[in-house]
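What follows is one structure encoded as structure tokens, with my remarks underneath.
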Amino acid sequence: MPPKERNIAMMGYRSVGKSSLSIQFVEGQFVDSYDPTIENTFTKVTRVNSQDFGVKLVDTAGQDEYSIFPVQYSMDFHGYVLVYSITSQKSFEVIKIIHEKLLYVMGKKYVPVVLVGNKTDLHQERTVSTEEGKKLAETWRAAFLETSAKQNESVADIFHQLLLLIENENGNPPEKSSCVIS
């Protein structure tokens, strides 16, 4: 069976680690050099619950509260990874605005989203609590993860959770594996 094609947009304030997360997921490496992204597209085939997905990941340019939501990100996208840095309250505020604009442009009350608090390796500089992230994700009916692109912590989980949300939204809940963890 050919992989299901899924288009995912990675959005957030500048310097929150969108490119680092993208490269870590696709290439399995951490790129330390910061090069402000114009826009990059990555592809990877990944397997979730015995289904292959061809993921086309668009790593968008950093947004701020004044950015006009790029309309092209509302078309032909199945889900969104909204990233903030746990070390930046500003990036957390901006992510709320991005989500609001996303729903507005799409004319929907809900879109499949994984909210990601990145840079957990900088926990001593944390300004956004895990609790704040969880609460925000709940209000959006989004999945929530804290990650470290640098340490490759929970990076693949972002995309696996988002693919599950997308499939549920499309009325294709994944088959449960018979594996039980107690």
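Convention: chains lettered A, B, ... in structure tokens order; per-chain residue numbering from 1; ligands numbered from 1 as shown.
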- Message: So that I can check the surroundings of Lys119 of chain A, please list as a ChimeraX atom specification every protein, DNA and RNA residue that reaches within 10 Å of it, counting only C-alpha atoms and ignoring chain neighbours fewer than 4 positions away.
- Response: /A:16-17,21,84-88,123,125-126,146-151,153
Just the selected residues (N, CA, C and O atoms), exported as an mmCIF file, in the first residue's frame, please.
```cif
data_model
loop_
_atom_site.group_PDB
_atom_site.id
_atom_site.type_symbol
_atom_site.label_atom_id
_atom_site.label_comp_id
_atom_site.auth_asym_id
_atom_site.auth_seq_id
_atom_site.Cartn_x
_atom_site.Cartn_y
_atom_site.Cartn_z
ATOM 1 N N VAL A 16 12.614 29.678 17.793
ATOM 2 C CA VAL A 16 12.088 28.724 18.780
ATOM 3 C C VAL A 16 12.557 27.298 18.489
ATOM 4 O O VAL A 16 12.335 26.398 19.296
ATOM 5 N N GLY A 17 13.191 27.101 17.323
ATOM 6 C CA GLY A 17 13.728 25.778 17.006
ATOM 7 C C GLY A 17 12.927 24.994 15.983
ATOM 8 O O GLY A 17 13.035 23.775 15.911
ATOM 9 N N LEU A 21 13.962 21.230 14.887
ATOM 10 C CA LEU A 21 13.035 20.104 15.054
ATOM 11 C C LEU A 21 12.814 19.398 13.717
ATOM 12 O O LEU A 21 12.805 18.168 13.657
ATOM 13 N N TYR A 84 6.745 26.842 20.422
ATOM 14 C CA TYR A 84 7.262 27.968 21.197
ATOM 15 C C TYR A 84 8.476 27.455 21.956
ATOM 16 O O TYR A 84 8.720 26.250 22.032
ATOM 17 N N SER A 85 9.254 28.381 22.505
ATOM 18 C CA SER A 85 10.401 27.987 23.316
ATOM 19 C C SER A 85 10.006 28.117 24.785
ATOM 20 O O SER A 85 9.415 29.129 25.179
ATOM 21 N N ILE A 86 10.353 27.100 25.577
ATOM 22 C CA ILE A 86 10.025 27.170 27.008
ATOM 23 C C ILE A 86 10.815 28.283 27.701
ATOM 24 O O ILE A 86 10.527 28.640 28.835
ATOM 25 N N THR A 87 11.795 28.864 26.989
ATOM 26 C CA THR A 87 12.607 29.938 27.568
ATOM 27 C C THR A 87 12.119 31.319 27.137
ATOM 28 O O THR A 87 12.766 32.318 27.422
ATOM 29 N N SER A 88 10.965 31.369 26.418
ATOM 30 C CA SER A 88 10.504 32.648 25.888
ATOM 31 C C SER A 88 8.994 32.816 26.047
ATOM 32 O O SER A 88 8.214 32.218 25.314
ATOM 33 N N HIS A 123 16.312 23.896 30.536
ATOM 34 C CA HIS A 123 15.314 23.974 31.618
ATOM 35 C C HIS A 123 15.663 25.018 32.675
ATOM 36 O O HIS A 123 14.775 25.604 33.297
ATOM 37 N N GLU A 125 16.606 27.899 32.157
ATOM 38 C CA GLU A 125 16.168 29.214 31.660
ATOM 39 C C GLU A 125 14.659 29.251 31.409
ATOM 40 O O GLU A 125 14.142 30.188 30.800
ATOM 41 N N ARG A 126 13.937 28.224 31.863
ATOM 42 C CA ARG A 126 12.503 28.107 31.598
ATOM 43 C C ARG A 126 11.730 29.309 32.124
ATOM 44 O O ARG A 126 11.902 29.728 33.258
ATOM 45 N N GLU A 146 6.577 18.559 25.223
ATOM 46 C CA GLU A 146 7.774 19.371 25.410
ATOM 47 C C GLU A 146 8.917 18.565 24.811
ATOM 48 O O GLU A 146 8.979 17.340 24.976
ATOM 49 N N THR A 147 9.788 19.262 24.084
ATOM 50 C CA THR A 147 10.836 18.584 23.331
ATOM 51 C C THR A 147 12.175 19.278 23.475
ATOM 52 O O THR A 147 12.250 20.429 23.904
ATOM 53 N N SER A 148 13.191 18.554 23.058
ATOM 54 C CA SER A 148 14.510 19.150 22.870
ATOM 55 C C SER A 148 15.027 18.661 21.522
ATOM 56 O O SER A 148 15.329 17.471 21.376
ATOM 57 N N ALA A 149 15.083 19.568 20.557
ATOM 58 C CA ALA A 149 15.637 19.204 19.249
ATOM 59 C C ALA A 149 17.101 18.808 19.433
ATOM 60 O O ALA A 149 17.588 17.866 18.819
ATOM 61 N N LYS A 150 17.780 19.507 20.342
ATOM 62 C CA LYS A 150 19.206 19.256 20.568
ATOM 63 C C LYS A 150 19.443 17.826 21.051
ATOM 64 O O LYS A 150 20.346 17.143 20.588
ATOM 65 N N GLN A 151 18.613 17.369 21.983
ATOM 66 C CA GLN A 151 18.797 16.034 22.555
ATOM 67 C C GLN A 151 17.905 14.983 21.887
ATOM 68 O O GLN A 151 17.826 13.860 22.352
ATOM 69 N N GLU A 153 14.762 14.698 21.918
ATOM 70 C CA GLU A 153 13.814 14.247 22.933
ATOM 71 C C GLU A 153 12.393 14.513 22.449
ATOM 72 O O GLU A 153 12.032 15.663 22.193
#
```
- Task: Might you pull out every residue within 9 Å of Gln29 of chain A, with only C-alpha atoms counted and same-chain residues fewer than 4 positions away left off, and present them as a ChimeraX atom specification?
- Result: /A:20,23-25,149-150,152
Writer output for current selection, C-alpha atoms, as a compact mmCIF listing (two decimals), in the first residue's frame:
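Written file, out_17.txt:
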```txt
# COMPACT_ATOMS: atom_id res chain seq x y z
CA SER A 20 16.10 22.24 14.36
CA ILE A 23 16.01 18.57 10.59
CA GLN A 24 16.16 16.35 13.67
CA PHE A 25 12.98 14.55 12.56
CA ALA A 149 15.64 19.20 19.25
CA LYS A 150 19.21 19.26 20.57
CA ASN A 152 16.30 14.50 20.08
```
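The gap separating atom CA of Val113 of chain A from atom CA of Gly79 of chain A is 5.8 Å, in Å to one decimal.
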- Query: Could you pull out the alpha helix (DSSP H) residues of chain A from DSSP and send them as number ranges by chain?
  - Reply: A: 18-27, 89-106, 130-140, 155-169
- Query: Nearest to Gln161 of chain A among A:Pro112, A:Pro2, A:Gly28, A:Gly117, with distances taken over only C-alpha atoms: which residue is it?
  - Reply: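 Once distances to Gln161 of chain A are computed over only C-alpha atoms, the minimum belongs to A:Pro112.
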- Please provide as a ChimeraX atom specification all residues within 10 Å of Asp64 of chain A, with the sequence filter that same-chain residues fewer than 5 positions apart are discarded (counting only C-alpha atoms). /A:12-14,69,90-91,93-95,97-98
Could you name the residues that touch Leu163 of chain A at 12 Å or less, counting only C-alpha atoms, but leaving out those on the same chain fewer than 3 positions away, as a tab-separated table (two decimals) with C-alpha atoms, in the first residue's frame?
```
chain	number	residue	atom	x	y	z
A	4	LYS	CA	-0.70	8.33	2.69
A	5	GLU	CA	0.56	11.80	1.81
A	6	ARG	CA	0.22	14.32	4.65
A	7	ASN	CA	1.23	17.97	4.49
A	8	ILE	CA	2.28	19.53	7.78
A	45	VAL	CA	8.18	8.49	5.14
A	46	THR	CA	7.25	7.47	8.67
A	47	ARG	CA	5.19	4.62	10.02
A	48	VAL	CA	2.40	5.00	12.58
A	49	ASN	CA	0.42	1.94	13.68
A	51	GLN	CA	0.46	2.63	8.18
A	52	ASP	CA	3.12	4.45	6.17
A	53	PHE	CA	2.80	8.21	5.80
A	54	GLY	CA	4.66	10.38	3.32
A	55	VAL	CA	5.13	13.52	5.36
A	56	LYS	CA	5.77	16.77	3.54
A	57	LEU	CA	6.94	19.13	6.26
A	77	PHE	CA	-2.32	21.25	4.86
A	78	HIS	CA	-3.55	18.42	7.03
A	79	GLY	CA	-2.09	19.53	10.35
A	80	TYR	CA	0.10	22.02	12.15
A	81	VAL	CA	2.99	21.93	14.59
A	112	PRO	CA	-5.27	19.17	14.02
A	113	VAL	CA	-2.46	20.77	16.03
A	114	VAL	CA	0.41	19.62	18.19
A	143	ALA	CA	-1.81	17.39	21.59
A	156	ALA	CA	9.40	11.89	16.39
A	157	ASP	CA	6.45	11.88	18.84
A	158	ILE	CA	5.38	15.32	17.56
A	159	PHE	CA	4.75	13.95	14.08
A	160	HIS	CA	3.30	10.63	15.21
A	166	ILE	CA	-5.14	14.06	11.33
A	167	GLU	CA	-6.38	10.50	10.79
A	168	ASN	CA	-9.03	10.91	13.50
A	169	GLU	CA	-10.14	14.20	11.93
A	170	ASN	CA	-10.40	12.44	8.54
A	172	ASN	CA	-9.72	7.08	9.82
A	173	PRO	CA	-8.87	6.26	13.41
A	174	PRO	CA	-5.75	4.10	13.36
```
- Straight-line distance linking atom CA of Thr130 of chain A with atom CA of Leu145 of chain A, stated in Å to one decimal: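 Calculated distance between atom CA of Thr130 of chain A and atom CA of Leu145 of chain A is 8.9 Å.
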- Measuring atom to atom with only C-alpha atoms, identify which of A:Leu115, A:Leu162, A:Ala142, A:Ala61 is nearest to Pro36 of chain A. A:Ala61
- Find, counting only C-alpha atoms, the residue in A:Glu138, A:Glu131, A:Asp76, A:Glu65 that gets nearest to Glu100 of chain A. A:Glu65
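Our summary of the geometry notes that atom CA of Ser19 of chain A is positioned 8.5 Å from atom CA of Val31 of chain A.
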- Item | Pick from A:Thr127, A:Met1, A:Phe42, A:Tyr66, whichever lies nearest to Phe92 of chain A using only C-alpha atoms |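 Ranked by minimum distance to Phe92 of chain A, first place goes to A:Thr127.
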